[in-house]
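Below is the file entry.tsv, which contains TSV, C-alpha atoms and all ligand atoms.
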chain	number	residue	atom	x	y	z
L	13	MET	CA	34.14	47.20	29.63
L	14	ASN	CA	30.97	49.16	28.96
L	15	GLU	CA	29.48	51.30	31.71
L	16	ALA	CA	26.47	49.58	33.31
L	17	HIS	CA	23.16	50.85	31.94
L	18	SER	CA	19.57	50.77	33.07
L	19	MET	CA	16.85	49.75	30.66
L	20	TYR	CA	13.40	51.32	30.30
L	21	LEU	CA	10.76	49.59	28.16
L	22	HIS	CA	7.64	51.54	27.27
L	23	ILE	CA	4.29	49.76	27.08
L	24	PRO	CA	1.98	52.34	25.46
L	25	PHE	CA	-1.34	50.53	25.97
L	26	CYS	CA	-4.12	51.40	28.42
L	27	GLN	CA	-7.57	49.99	28.89
L	28	LYS	CA	-9.00	53.51	29.03
L	29	ARG	CA	-7.38	56.97	29.01
L	30	CYS	CA	-7.44	58.79	32.36
L	31	SER	CA	-8.75	62.37	32.26
L	32	TYR	CA	-5.45	63.94	33.40
L	33	CYS	CA	-2.98	61.87	31.43
L	34	ASP	CA	-0.76	63.23	28.67
L	35	PHE	CA	1.63	60.26	28.52
L	36	ASN	CA	2.38	58.52	25.26
L	37	THR	CA	-0.25	55.86	25.63
L	38	PHE	CA	-3.27	54.67	23.68
L	39	SER	CA	-6.52	52.87	24.40
L	40	GLY	CA	-8.45	50.59	22.03
L	41	LEU	CA	-5.28	49.21	20.45
L	42	ASN	CA	-4.71	46.17	22.65
L	43	HIS	CA	-4.99	43.89	19.60
L	44	LEU	CA	-1.58	45.29	18.58
L	45	ILE	CA	0.13	44.08	21.77
L	46	PRO	CA	1.62	40.83	20.36
L	47	THR	CA	3.03	42.61	17.28
L	48	TYR	CA	4.36	45.45	19.41
L	49	ILE	CA	6.10	43.04	21.78
L	50	HIS	CA	7.60	41.22	18.81
L	51	GLN	CA	9.09	44.50	17.54
L	52	LEU	CA	10.20	45.48	21.04
L	53	LYS	CA	12.24	42.28	21.13
L	54	ARG	CA	13.82	43.24	17.81
L	55	GLU	CA	14.83	46.56	19.34
L	56	ILE	CA	16.36	44.66	22.28
L	57	SER	CA	18.39	42.55	19.82
L	58	PHE	CA	19.43	45.70	17.96
L	59	TYR	CA	20.91	47.32	21.09
L	60	GLY	CA	22.37	44.01	22.19
L	61	LYS	CA	24.37	43.88	18.95
L	62	GLN	CA	25.39	47.52	19.22
L	63	PHE	CA	27.09	46.64	22.50
L	64	ALA	CA	28.48	43.28	21.32
L	65	ASN	CA	26.12	41.50	23.72
L	66	ASP	CA	28.17	42.40	26.77
L	67	LEU	CA	26.53	45.55	28.11
L	68	PRO	CA	25.87	45.19	31.87
L	69	VAL	CA	22.25	46.02	32.73
L	70	LYS	CA	21.55	46.81	36.36
L	71	THR	CA	17.85	47.70	36.31
L	72	ILE	CA	14.94	46.88	33.98
L	73	PHE	CA	11.77	48.97	34.22
L	74	PHE	CA	8.52	48.44	32.32
L	75	GLY	CA	6.57	51.70	32.35
L	76	GLY	CA	3.58	52.99	30.50
L	77	GLY	CA	0.89	53.05	29.75
L	78	THR	CA	-0.24	50.00	31.63
L	79	PRO	CA	2.40	47.26	31.53
L	80	SER	CA	0.14	45.03	33.63
L	81	LEU	CA	-2.02	44.53	30.51
L	82	ILE	CA	0.77	42.34	29.13
L	83	GLU	CA	0.47	38.60	29.70
L	84	GLY	CA	3.11	36.88	31.83
L	85	LYS	CA	4.30	34.69	28.97
L	86	LEU	CA	5.04	37.77	26.83
L	87	PHE	CA	7.04	39.33	29.69
L	88	LYS	CA	8.91	36.05	30.05
L	89	SER	CA	9.89	36.15	26.38
L	90	ILE	CA	11.03	39.79	26.70
L	91	LEU	CA	13.14	39.08	29.79
L	92	GLU	CA	14.69	36.08	28.04
L	93	LYS	CA	15.52	38.25	25.05
L	94	ILE	CA	17.17	40.79	27.35
L	95	SER	CA	19.21	38.06	29.08
L	96	ASP	CA	20.28	36.65	25.70
L	97	ASN	CA	21.49	40.06	24.50
L	98	PHE	CA	22.84	41.77	27.63
L	99	CYS	CA	24.65	40.91	30.85
L	100	VAL	CA	21.89	41.40	33.40
L	101	VAL	CA	23.70	41.80	36.72
L	102	ALA	CA	22.89	39.54	39.68
L	103	ASN	CA	20.02	40.92	41.76
L	104	ALA	CA	19.12	43.47	39.09
L	105	GLU	CA	16.00	45.42	40.01
L	106	ILE	CA	13.21	44.36	37.62
L	107	SER	CA	10.08	46.50	38.02
L	108	LEU	CA	6.77	47.04	36.42
L	109	GLU	CA	4.06	49.63	36.74
L	110	ALA	CA	0.67	48.11	37.38
L	111	ASN	CA	-2.86	49.38	37.40
L	112	PRO	CA	-4.72	47.90	40.40
L	113	GLY	CA	-7.72	47.25	38.13
L	114	THR	CA	-5.82	44.84	35.89
L	115	VAL	CA	-4.17	42.23	38.13
L	116	THR	CA	-5.06	38.89	39.72
L	117	LEU	CA	-3.21	36.83	42.33
L	118	GLU	CA	-2.18	34.27	39.67
L	119	TYR	CA	-0.88	36.99	37.38
L	120	LEU	CA	1.25	38.50	40.15
L	121	GLN	CA	2.57	35.07	41.19
L	122	ASN	CA	3.57	34.50	37.58
L	123	LEU	CA	5.38	37.86	37.41
L	124	LEU	CA	7.41	37.01	40.49
L	125	GLU	CA	8.27	33.58	39.08
L	126	ILE	CA	9.61	35.04	35.84
L	127	GLY	CA	11.89	37.46	37.64
L	128	PHE	CA	10.09	40.69	38.60
L	129	ASN	CA	11.12	41.84	42.07
L	130	ARG	CA	9.50	45.28	42.34
L	131	ILE	CA	6.00	46.47	41.49
L	132	SER	CA	4.54	49.95	41.43
L	133	PHE	CA	0.79	50.46	41.72
L	134	GLY	CA	-0.99	53.61	40.57
L	135	LEU	CA	-3.32	53.93	43.55
L	136	GLN	CA	-3.58	57.75	43.12
L	137	THR	CA	-6.38	58.45	45.64
L	138	SER	CA	-8.68	56.49	47.90
L	139	ASN	CA	-11.60	58.88	47.39
L	140	PRO	CA	-14.17	57.28	45.02
L	141	LEU	CA	-15.28	60.66	43.65
L	142	TYR	CA	-11.72	61.60	42.68
L	143	LEU	CA	-11.07	58.14	41.21
L	144	LYS	CA	-14.09	58.82	39.01
L	145	LEU	CA	-13.01	62.35	38.11
L	146	LEU	CA	-9.56	61.08	37.16
L	147	GLY	CA	-11.11	58.36	35.02
L	148	ARG	CA	-9.32	55.53	36.82
L	149	ILE	CA	-10.61	52.05	36.02
L	150	HIS	CA	-10.31	50.77	39.61
L	151	ASP	CA	-11.91	51.56	42.94
L	152	HIS	CA	-10.08	51.72	46.25
L	153	TYR	CA	-11.17	48.23	47.20
L	154	GLN	CA	-9.39	46.90	44.10
L	155	SER	CA	-6.24	48.81	45.11
L	156	ILE	CA	-6.29	47.17	48.55
L	157	GLN	CA	-6.92	43.78	46.97
L	158	ALA	CA	-4.12	44.22	44.38
L	159	ILE	CA	-1.58	45.08	47.08
L	160	GLN	CA	-2.67	42.18	49.27
L	161	TRP	CA	-2.31	39.85	46.29
L	162	ALA	CA	1.12	41.27	45.45
L	163	LYS	CA	2.27	40.54	49.01
L	164	GLN	CA	0.67	37.11	48.96
L	165	ALA	CA	2.44	36.39	45.68
L	166	GLY	CA	5.73	37.21	47.41
L	167	PHE	CA	6.53	40.80	46.36
L	168	SER	CA	8.40	42.56	49.14
L	169	ASN	CA	9.25	45.78	47.30
L	170	ILE	CA	6.02	47.59	46.43
L	171	ASN	CA	5.46	51.22	45.52
L	172	LEU	CA	2.29	53.29	45.62
L	173	ASP	CA	1.79	56.36	43.44
L	174	LEU	CA	-0.42	58.96	45.10
L	175	ILE	CA	-1.69	62.21	43.58
L	176	TYR	CA	-2.48	65.37	45.53
L	177	ALA	CA	-3.74	68.87	44.71
L	178	LEU	CA	-6.80	67.45	42.99
L	179	PRO	CA	-9.46	69.98	41.97
L	180	GLY	CA	-11.25	71.15	45.11
L	181	GLN	CA	-9.37	68.69	47.31
L	182	THR	CA	-9.12	69.57	50.99
L	183	ILE	CA	-6.21	68.81	53.27
L	184	ASP	CA	-8.46	66.38	55.14
L	185	ASP	CA	-9.20	64.45	51.99
L	186	TRP	CA	-5.50	64.22	51.16
L	187	LYS	CA	-4.75	63.08	54.71
L	188	ARG	CA	-7.28	60.26	54.29
L	189	THR	CA	-5.63	59.08	51.08
L	190	LEU	CA	-2.21	59.17	52.73
L	191	GLU	CA	-3.42	57.29	55.76
L	192	ASP	CA	-5.15	54.73	53.55
L	193	GLY	CA	-1.88	54.42	51.59
L	194	LEU	CA	0.17	53.99	54.76
L	195	ASN	CA	-2.23	51.30	56.00
L	196	LEU	CA	-1.20	49.21	53.00
L	197	SER	CA	2.33	48.95	54.46
L	198	THR	CA	4.34	49.23	51.26
L	199	GLN	CA	8.07	49.91	51.07
L	200	HIS	CA	7.94	52.97	48.81
L	201	ILE	CA	5.55	55.87	48.17
L	202	SER	CA	5.73	58.41	45.33
L	203	LEU	CA	3.80	61.66	45.59
L	204	TYR	CA	2.66	63.60	42.55
L	205	SER	CA	1.11	67.03	42.49
L	206	LEU	CA	-1.59	66.98	39.82
L	207	GLY	CA	-0.54	68.88	36.72
L	208	ILE	CA	-3.29	70.15	34.43
L	209	GLU	CA	-1.78	69.18	31.09
L	210	GLU	CA	-2.94	70.59	27.78
L	211	ASN	CA	-4.92	68.33	25.47
L	212	THR	CA	-6.45	66.38	28.32
L	213	PRO	CA	-10.16	66.29	29.27
L	214	LEU	CA	-9.24	67.68	32.70
L	215	HIS	CA	-7.63	70.72	31.07
L	216	ASP	CA	-10.86	71.35	29.12
L	217	TRP	CA	-12.95	71.03	32.27
L	218	VAL	CA	-10.74	73.53	34.09
L	219	GLU	CA	-10.85	75.92	31.10
L	220	LYS	CA	-14.63	75.73	31.01
L	221	GLY	CA	-14.84	76.34	34.77
L	222	MET	CA	-16.39	72.94	35.36
L	223	VAL	CA	-13.74	71.97	37.92
L	224	GLU	CA	-11.43	74.12	40.04
L	225	ASN	CA	-7.82	74.77	39.13
L	226	PRO	CA	-5.71	73.30	41.96
L	227	ASP	CA	-4.38	75.93	44.37
L	228	SER	CA	-0.56	76.01	44.48
L	229	ASP	CA	-0.34	77.23	48.12
L	230	LEU	CA	-2.62	74.43	49.21
L	231	ALA	CA	-0.53	71.98	47.17
L	232	ALA	CA	2.58	73.11	49.06
L	233	GLU	CA	0.77	72.63	52.36
L	234	MET	CA	-0.29	69.13	51.27
L	235	TYR	CA	3.28	68.23	50.38
L	236	GLU	CA	4.58	69.43	53.74
L	237	TRP	CA	1.88	67.57	55.59
L	238	ALA	CA	2.65	64.38	53.65
L	239	ASP	CA	6.37	64.73	54.28
L	240	GLN	CA	5.81	64.96	58.01
L	241	LEU	CA	3.39	62.02	58.14
L	242	LEU	CA	5.62	59.78	56.02
L	243	VAL	CA	8.71	60.54	58.09
L	244	GLU	CA	6.75	59.87	61.31
L	245	ASN	CA	5.84	56.49	59.83
L	246	GLY	CA	9.39	55.38	59.15
L	247	PHE	CA	9.83	56.65	55.60
L	248	ALA	CA	12.69	58.83	54.39
L	249	CYS	CA	12.57	61.26	51.51
L	250	TYR	CA	15.42	60.57	49.06
L	251	GLU	CA	14.09	62.47	46.05
L	252	ILE	CA	11.77	65.46	46.25
L	253	SER	CA	8.68	63.31	45.58
L	254	ASN	CA	9.89	59.85	46.55
L	255	TYR	CA	9.97	58.14	49.93
L	256	TYR	CA	11.26	54.73	50.95
L	257	LYS	CA	10.81	52.70	54.09
L	258	VAL	CA	14.05	52.81	56.03
L	259	ASP	CA	15.33	49.29	56.61
L	260	GLU	CA	18.64	48.03	57.94
L	261	ILE	CA	18.92	45.21	55.45
L	262	THR	CA	17.23	46.28	52.23
L	263	ASP	CA	17.62	49.51	50.31
L	264	TYR	CA	14.08	50.22	49.09
L	265	ARG	CA	14.97	53.26	47.00
L	266	CYS	CA	14.03	52.79	43.34
L	267	GLN	CA	17.38	51.84	41.83
L	268	HIS	CA	16.11	52.49	38.31
L	269	ASN	CA	15.14	56.07	39.01
L	270	LEU	CA	18.37	56.65	40.92
L	271	GLN	CA	20.17	55.95	37.65
L	272	TYR	CA	18.31	58.90	36.03
L	273	TRP	CA	18.90	61.22	38.96
L	274	ARG	CA	22.59	60.36	39.01
L	275	ASN	CA	22.64	61.20	35.30
L	276	GLN	CA	23.93	57.77	34.39
L	277	PRO	CA	23.19	55.96	31.11
L	278	TYR	CA	20.03	54.09	30.22
L	279	LEU	CA	18.49	52.59	27.13
L	280	GLY	CA	14.88	53.51	26.37
L	281	LEU	CA	13.01	51.05	24.19
L	282	GLY	CA	9.52	51.11	22.73
L	283	ALA	CA	7.31	53.82	21.26
L	284	GLY	CA	8.12	57.28	22.63
L	285	ALA	CA	10.84	55.99	24.97
L	286	HIS	CA	13.82	58.22	25.78
L	287	GLY	CA	17.38	57.02	26.24
L	288	PHE	CA	20.81	58.37	27.16
L	289	SER	CA	23.80	56.36	26.11
L	290	ASN	CA	27.34	57.03	24.88
L	291	GLY	CA	26.83	60.77	25.34
L	292	VAL	CA	23.70	60.86	23.14
L	293	ARG	CA	20.14	61.51	24.22
L	294	TYR	CA	17.51	60.04	21.94
L	295	GLU	CA	13.77	59.79	21.68
L	296	ASN	CA	11.88	57.10	19.81
L	297	VAL	CA	8.94	57.76	17.51
L	298	ASN	CA	5.70	58.04	19.48
L	299	GLY	CA	3.07	56.22	17.46
L	300	ILE	CA	2.54	52.50	17.96
L	301	MET	CA	2.08	51.76	14.24
L	302	GLU	CA	4.99	53.99	13.27
L	303	TYR	CA	7.18	52.17	15.77
L	304	ILE	CA	6.02	48.75	14.57
L	305	ASN	CA	6.47	49.61	10.88
L	306	LEU	CA	9.91	51.19	11.28
L	307	GLN	CA	11.14	48.24	13.31
L	308	LYS	CA	9.71	45.79	10.78
L	309	GLY	CA	11.57	47.39	7.90
L	310	ALA	CA	14.89	47.71	9.68
L	311	SER	CA	17.88	45.51	9.18
L	312	LEU	CA	19.18	44.81	12.65
L	313	SER	CA	22.62	43.73	11.59
L	314	SER	CA	23.52	46.67	9.38
L	315	ALA	CA	21.78	49.62	11.01
L	316	LEU	CA	24.16	52.10	12.59
L	317	ASN	CA	21.51	54.05	14.39
L	318	SER	CA	18.31	52.70	15.83
L	319	PRO	CA	15.59	52.72	13.16
L	320	VAL	CA	13.08	54.12	15.63
L	321	ALA	CA	15.16	56.79	17.41
L	322	LYS	CA	14.10	59.99	15.69
L	323	ILE	CA	15.60	62.70	17.84
L	324	LEU	CA	19.27	62.39	18.62
L	325	THR	CA	21.15	65.00	20.61
L	326	GLU	CA	24.84	64.81	21.39
L	327	VAL	CA	25.40	65.93	24.96
L	328	ASP	CA	28.58	68.00	25.21
L	329	SER	CA	30.59	68.05	28.39
L	330	PHE	CA	29.18	71.37	29.71
L	331	THR	CA	25.60	70.24	29.09
L	332	ALA	CA	26.35	66.98	30.89
L	333	MET	CA	27.62	69.01	33.87
L	334	GLN	CA	24.47	71.17	33.87
L	335	GLU	CA	22.27	68.09	33.67
L	336	THR	CA	24.17	66.39	36.47
L	337	MET	CA	23.47	69.36	38.75
L	338	MET	CA	19.82	69.63	37.73
L	339	VAL	CA	18.92	65.99	38.23
L	340	GLY	CA	21.34	65.35	41.11
L	341	LEU	CA	19.87	68.11	43.24
L	342	ARG	CA	16.55	66.29	43.14
L	343	LEU	CA	18.20	63.78	45.47
L	344	VAL	CA	17.50	65.66	48.64
L	345	SER	CA	19.93	63.81	50.85
L	346	GLU	CA	22.51	62.35	48.44
L	347	GLY	CA	22.70	65.57	46.38
L	348	VAL	CA	25.70	66.04	44.09
L	349	SER	CA	29.07	64.90	45.42
L	350	ILE	CA	31.81	67.41	44.63
L	351	LEU	CA	34.30	64.55	44.58
L	352	GLU	CA	32.29	62.34	42.20
L	353	PHE	CA	31.49	65.26	39.92
L	354	SER	CA	35.17	66.27	39.80
L	355	LYS	CA	36.22	62.69	38.96
L	356	ARG	CA	33.66	62.43	36.19
L	357	PHE	CA	34.26	65.81	34.55
L	358	SER	CA	37.81	66.64	35.66
L	359	ALA	CA	36.46	69.94	37.01
L	360	SER	CA	34.91	70.97	40.29
L	361	PRO	CA	31.25	72.06	40.32
L	362	LEU	CA	32.33	74.81	42.74
L	363	GLU	CA	34.38	76.36	39.94
L	364	ILE	CA	32.14	75.62	36.96
L	365	PHE	CA	29.00	76.83	38.72
L	366	ALA	CA	30.59	79.22	41.23
L	367	LYS	CA	28.15	82.05	40.52
L	368	GLU	CA	25.02	79.88	40.61
L	369	ILE	CA	26.00	77.99	43.76
L	370	ASP	CA	26.99	81.20	45.53
L	371	PHE	CA	23.65	82.83	44.65
L	372	LEU	CA	21.63	79.80	45.79
L	373	MET	CA	23.58	79.45	49.03
L	374	LYS	CA	23.12	83.13	49.83
L	375	ASN	CA	19.38	82.58	49.39
L	376	GLN	CA	19.45	79.52	51.67
L	377	LEU	CA	18.35	77.25	48.85
L	378	LEU	CA	21.52	75.14	48.69
L	379	GLU	CA	23.86	73.82	51.35
L	380	ILE	CA	27.18	71.99	51.33
L	381	VAL	CA	27.36	69.12	53.80
L	382	ASP	CA	30.58	67.45	55.04
L	383	GLY	CA	32.57	69.53	52.59
L	384	ASP	CA	31.38	67.30	49.74
L	385	ILE	CA	27.62	67.10	49.25
L	386	ILE	CA	25.84	69.94	47.48
L	387	ARG	CA	22.13	69.61	48.14
L	388	LEU	CA	18.87	71.48	48.46
L	389	THR	CA	17.93	72.94	51.81
L	390	LYS	CA	14.60	71.70	53.13
L	391	ASN	CA	13.00	75.06	52.23
L	392	ALA	CA	14.13	74.68	48.63
L	393	ARG	CA	12.35	71.41	48.00
L	394	LEU	CA	9.12	73.12	46.97
L	395	LEU	CA	11.05	75.57	44.82
L	396	GLY	CA	13.00	72.79	43.11
L	397	ASN	CA	12.40	73.97	39.55
L	398	GLN	CA	13.50	77.52	40.31
L	399	VAL	CA	16.74	76.13	41.72
L	400	PHE	CA	17.33	73.77	38.80
L	401	MET	CA	16.75	76.58	36.28
L	402	GLN	CA	19.83	78.35	37.64
L	403	PHE	CA	21.90	75.67	35.93
L	404	VAL	CA	20.33	76.25	32.52
L	405	ASP	CA	22.10	78.71	30.17
V	501	LIG	S1	-3.47	54.29	33.37
V	501	LIG	FE1	-1.68	55.64	33.62
V	501	LIG	S2	-0.77	55.78	31.58
V	501	LIG	FE2	-2.85	54.94	31.31
V	501	LIG	S3	-4.11	56.71	30.84
V	501	LIG	FE3	-4.20	56.37	33.08
V	501	LIG	S4	-2.56	57.66	33.93
V	501	LIG	FE4	-2.20	57.47	31.73

Using structure tokens, write down the structure that the file contains.
Ligand code: SF4
Amino acid sequence: MNEAHSMYLHIPFCQKRCSYCDFNTFSGLNHLIPTYIHQLKREISFYGKQFANDLPVKTIFFGGGTPSLIEGKLFKSILEKISDNFCVVANAEISLEANPGTVTLEYLQNLLEIGFNRISFGLQTSNPLYLKLLGRIHDHYQSIQAIQWAKQAGFSNINLDLIYALPGQTIDDWKRTLEDGLNLSTQHISLYSLGIEENTPLHDWVEKGMVENPDSDLAAEMYEWADQLLVENGFACYEISNYYKVDEITDYRCQHNLQYWRNQPYLGLGAGAHGFSNGVRYENVNGIMEYINLQKGASLSSALNSPVAKILTEVDSFTAMQETMMVGLRLVSEGVSILEFSKRFSASPLEIFAKEIDFLMKNQLLEIVDGDIIRLTKNARLLGNQVFMQFVD
């Protein structure tokens, strides 16, 4: 029996590029959507065959880009193709990322009908000036409306993405966005500190002194303030930047992302998607036309490797152990279980990484709870990357 996988499908289309975004996504190419989806379904069939059509799939995630630009009937055909080629487990989490400026009540009702059960809205900020600076296509009123419609349609697992450390942003402004986000009563909130990425308009503006470079001390203060407010409002932090509403019946953590953080396998499909399966990490070609053309020319029945996966890296056992520590420590409460790690790799992390763990514990950055869970201390959350780097050669 194959190990259950998650599935990520990349939708690299946006109505307009945001000023801060360096994701693999394109605007002005929406006329290619039907052809792209057709080739995406061929890639689904390809992986289905590779796993003799019996690979269990426990989560399906459409990310982007702006997946909510895709019509419901096209999503329906993709989900049917996945069901025909894989064993989608009962109650699988099926999510999509949505831009609040692209949805209607009817569209959201249709998504729920065809099987989506989680939706993630890029709200980002409630301040109109920052929405403009970021180049978002929606205003805050549209965000409120989109979330109301999602609830009215029947979605009961909704995430909001919020960005902080915007150029010149004050703590008070960030507090307002958080409070506005909390007022929307969603089940999950993800916090992102704005990164000024090269080759983006925002990077140019910062370089030219037109906007301020975000202050890292202030960013840390904003994170701490958000953490406190979210916890006071019934949320729990389960990954450094991700919070879920604590509920006795439903686990609102993002099951798809948990698969990544537990370093478990997933297929990545679509232009620029990444995957990790059978001990191999791969990355698909980025360009939409390149993806479409390579898929078109491929023979699905005879290909041994995916026609669109251009970078393939075999992950040896030691690298897999390093990666398990690096991603697992992001899970601030679950951490890395010594028992689970030892079962998976036939070696204890306390022996393999004795020096690193000792150093981090002496510096109060790691703790071991109940004799089994290795996890970050609260102080280490903001230093996450410095901790994770200890596990790199
Ligand atoms: S909508 Fe999202 S993916 Fe598209 S350009 Fe903006 S930030 Fe990037």

With a cut-off of 7 Å, could you pull out the residues of chain L touching ligand LIG 501 (chain V) and give me the nearest pair of atoms for each, distance in Å to one decimal, using all atoms listed in the file, ordered by chain and ascending number, as a tab-separated table?
residue	atom	partner	partner_atom	distance
L:Cys26	CA	V:LIG501	FE2	4.7
L:Lys28	CA	V:LIG501	S3	6.1
L:Arg29	CA	V:LIG501	S3	3.8
L:Cys30	CA	V:LIG501	FE3	4.1
L:Tyr32	CA	V:LIG501	S4	6.9
L:Cys33	CA	V:LIG501	FE4	4.5
L:Asp34	CA	V:LIG501	FE4	6.7
L:Phe35	CA	V:LIG501	FE4	5.7
L:Thr37	CA	V:LIG501	S2	6.0
L:Gly76	CA	V:LIG501	S2	5.3
L:Gly77	CA	V:LIG501	S2	3.7
L:Thr78	CA	V:LIG501	FE2	5.6
L:Asn111	CA	V:LIG501	S1	6.4
L:Arg148	CA	V:LIG501	FE3	6.4

Once you have the residues from the selection above, write them out as a PDB file, in the frame of the given file, restricted to C-alpha atoms.
ATOM      1  CA  CYS L  26      -4.120  51.400  28.420  1.00  0.00           C
ATOM      2  CA  LYS L  28      -9.000  53.510  29.030  1.00  0.00           C
ATOM      3  CA  ARG L  29      -7.380  56.970  29.010  1.00  0.00           C
ATOM      4  CA  CYS L  30      -7.440  58.790  32.360  1.00  0.00           C
ATOM      5  CA  TYR L  32      -5.450  63.940  33.400  1.00  0.00           C
ATOM      6  CA  CYS L  33      -2.980  61.870  31.430  1.00  0.00           C
ATOM      7  CA  ASP L  34      -0.760  63.230  28.670  1.00  0.00           C
ATOM      8  CA  PHE L  35       1.630  60.260  28.520  1.00  0.00           C
ATOM      9  CA  THR L  37      -0.250  55.860  25.630  1.00  0.00           C
ATOM     10  CA  GLY L  76       3.580  52.990  30.500  1.00  0.00           C
ATOM     11  CA  GLY L  77       0.890  53.050  29.750  1.00  0.00           C
ATOM     12  CA  THR L  78      -0.240  50.000  31.630  1.00  0.00           C
ATOM     13  CA  ASN L 111      -2.860  49.380  37.400  1.00  0.00           C
ATOM     14  CA  ARG L 148      -9.320  55.530  36.820  1.00  0.00           C
TER      15      ARG L 148
END

Got a sec: who's within 10 Å of L:Asn290, counting all atoms listed in the file, leaving out chain neighbours fewer than 6 positions off, as a JSON list (two decimals) with C-alpha atoms, keeping the file's coordinate frame?
[["chain", "number", "residue", "atom", "x", "y", "z"],
["L", 14, "ASN", "CA", 30.97, 49.16, 28.96],
["L", 15, "GLU", "CA", 29.48, 51.30, 31.71],
["L", 277, "PRO", "CA", 23.19, 55.96, 31.11],
["L", 278, "TYR", "CA", 20.03, 54.09, 30.22],
["L", 326, "GLU", "CA", 24.84, 64.81, 21.39],
["L", 327, "VAL", "CA", 25.40, 65.93, 24.96]]

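For the pair atom CA of L:Ile386 and atom CA of L:Lys355, the separation is 15.3 Å.
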
Taking (-14.2, 55.1, 46.2) in the coordinates of the supplied file, I want to know which residues reach to within 8 Å of it, counting only C-alpha atoms; could you give the answer as a list in words?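 All residues meeting the 8 Å criterion around (-14.2, 55.1, 46.2) are Ser138, Asn139, Pro140, Leu141, Tyr142, Leu143, Asp151, His152 and Tyr153 of chain L.
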
Sort by chain and increasing residue number a table of all residues of stretch 198-305 of chain L within 7 Å of stretch 317-320 of chain L, each with its closest pair of atoms and their distance in Å to one decimal, counting only C-alpha atoms, and write it as a tab-separated table.
residue	atom	partner	partner_atom	distance
L:Asn296	CA	L:Val320	CA	5.3
L:Val297	CA	L:Val320	CA	5.8
L:Tyr303	CA	L:Val320	CA	6.2

May I have the protein, DNA and RNA residues with an atom at most 7 Å from (8.9, 46.9, 42.6), counting only C-alpha atoms in the file's coordinates, returned as a ChimeraX atom specification? /L:107-108,129-132,169-171

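Closest approach to L:Gly84 among L:Asp370, L:Asp96, L:Glu346, L:Glu125 is made by L:Glu125 (distances from all atoms listed in the file).
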
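Coordinates place atom CA of L:Gly291 at a distance of 24.6 Å from atom CA of L:Val399.
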
Give me, as a ChimeraX atom specification, all polymer residues having an atom no more than 9 Å from L:Ala64, counting only C-alpha atoms and skipping those fewer than 5 positions away in the same chain. /L:59,97-98
